[in-house]
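Just below is one structure, and these are the notes that go with it.
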Amino acid sequence: MHSARTPDAPPRRTLGDALAEGTVLLDGGLSNQLEAQGCDLSDALWSARLLSDAPQQIEAAHAAYARAGAQVLITASYQATFEGFARRGIGRAGAAELMAASVESARRAGAVTGRELWVAASVGPYGAMLADGSEYRGRYGLTVRELERFHRPRAEALAGAGPDVLALETVPDIDEAEALLRAVEGLGVPVWLSYSVDGDRTRAGQPLEEAFALVSGADQVVAVGVNCCDPADAGRAVEMAAAATGKPVVVYPNSGEEWDADGRGWTGKGTFEADRVREWRRAGARLVGGCCRVGPSAIAALADRLASSEV
């Protein structure tokens, strides 16, 4: 049985309560920080491989964001699946242990700060398991029920490790969002749902108003919004999420560079600017941060803006 959190640094409020009172700062991209620490992420498991091979690197990356001022640490479980671990010869019991370890690693890294801090267990899309970039397209040819059956066991394993919230993130289409929401029913852990978008549509091409409206009456969902999108698309998406649901909005775009799935690398120029947080907050964002290629220095800059009287 895994402890939900270390006894010396428990959050004083639920994340939902904190969002009702003000803005909460997320961390940034875990993979880019791991690469900065010298880690090789060329494996199909991406950062999840290090849960087995170099867990100290995972904890160090979390600690870098905690030192930068992040109040929420997202676990290294985005690409952690029973199927993915099985391809490396790790059985279901071992895979469940590694998923639980992802929560515990973030909890330990946050506890040393002595600040109020929450752990979000990342539940990535089905396409992340395929490791072919299809999470940026969606429409895998699976039914909602099939996607639910895929997500439920890992959601159960992560919830059992005692995170403060499950991050249903980088979701490319409405079908998978529906499947994820079904998969987390009854687990007793709040969730946020964030889509990866292109302009005012999901990556699969559906209107964002329809995508966000899916959670309008879902009490388990404490925030809804977007992540791993172009920073230029974030502001409008925040407005739409707030209008469609009335819930706190989560927003953590990537650097503005584009992922080349074939070359397994980022191309283009970074456009992430900390000053955008003012726009996001005015539009309804209450859970803000960065995704891929947004590092601790950018999160520290966001922390400065949030602490500023100008925001």
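Just remember, in the structure tokens the first chain shown is A, the second B, etc., residues are 1-based per chain, and ligands are 1-based in the order shown.
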Legend entry - Gly28 in chain A environment, 6 Å, only C-alpha atoms, sequence neighbours closer than 4 positions dropped, as a VMD selection string: chain A and resid 290 to 291 294 to 295
Legend entry - Test item, strand (DSSP E) assignment across range 147-226 of chain A, answer as an MDAnalysis selection string: chainID A and resid 165:171 191:195 197:198 201:202 221:226
Legend entry - 10 Å contact set for Pro172 in chain A, only C-alpha atoms, chain neighbours under 6 positions out, as JSON, numbers by chain: {"A": [125, 126, 127, 134, 135, 136, 137, 138, 139, 194, 195, 196, 197, 198, 201, 202, 203, 204, 205, 206, 211]}
Legend entry - 9 Å contact set for Glu148 in chain A, only C-alpha atoms, chain neighbours under 6 positions out, as an MDAnalysis selection string: chainID A and resid 176 178:183
Legend entry - Distance query Ala101 in chain A at most 8 Å, only C-alpha atoms, self and fewer than 4 positions along chain excluded, as JSON, numbers by chain: {"A": [51, 97, 105, 161]}
Legend entry - Neighbour list for Pro248 in chain A as a PyMOL selection string, cut-off 9 Å, only C-alpha atoms, skip fewer than 2 positions in-chain: chain A and resi 16+19-20+222-225+241-242+245-246+250+284-287
Please provide as a compact mmCIF listing (two decimals) with C-alpha atoms, in the first residue's frame all residues within 10 Å of Asp219 in chain A, with the sequence filter that same-chain residues fewer than 6 positions apart are discarded (counting only C-alpha atoms).
```txt
# COMPACT_ATOMS: atom_id res chain seq x y z
CA PRO A 190 -10.25 14.93 -8.85
CA VAL A 191 -9.07 15.45 -12.41
CA LYS A 247 -14.86 26.06 -14.38
```
Legend entry - Minimum-distance residue to Gly199 in chain A, chosen among A:Gly186, A:Gly217, A:Gly235, A:Gly110 (using only C-alpha atoms): A:Gly235
Legend entry - helix (DSSP H, G or I) residues, from DSSP on the backbone, in range 15-206 of chain A, as a PyMOL selection string: chain A and resi 15-21+30-36+46-53+55-68+82-86+92-111+126-130+134-136+144-159+174-183
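Shortest separation to Tyr140 in chain A among A:Val189, A:Gly256, A:Asp173, A:Glu116 occurs at residue A:Asp173, atoms counted being only C-alpha atoms.
Minimum distance to Val238 in chain A across A:Arg145, A:Arg67, A:Arg92, A:Arg282 (counting only C-alpha atoms) occurs at A:Arg282.
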Inset, instruction - Could you check how far CA of Leu30 in chain A sits from CA of Ala61 in chain A, in Å to one decimal? - result: 6.7 Å
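Using only C-alpha atoms, the nearest neighbour of Arg305 in chain A within the list A:Thr23, A:Ser102, A:Gln220, A:Gln71 is A:Thr23.
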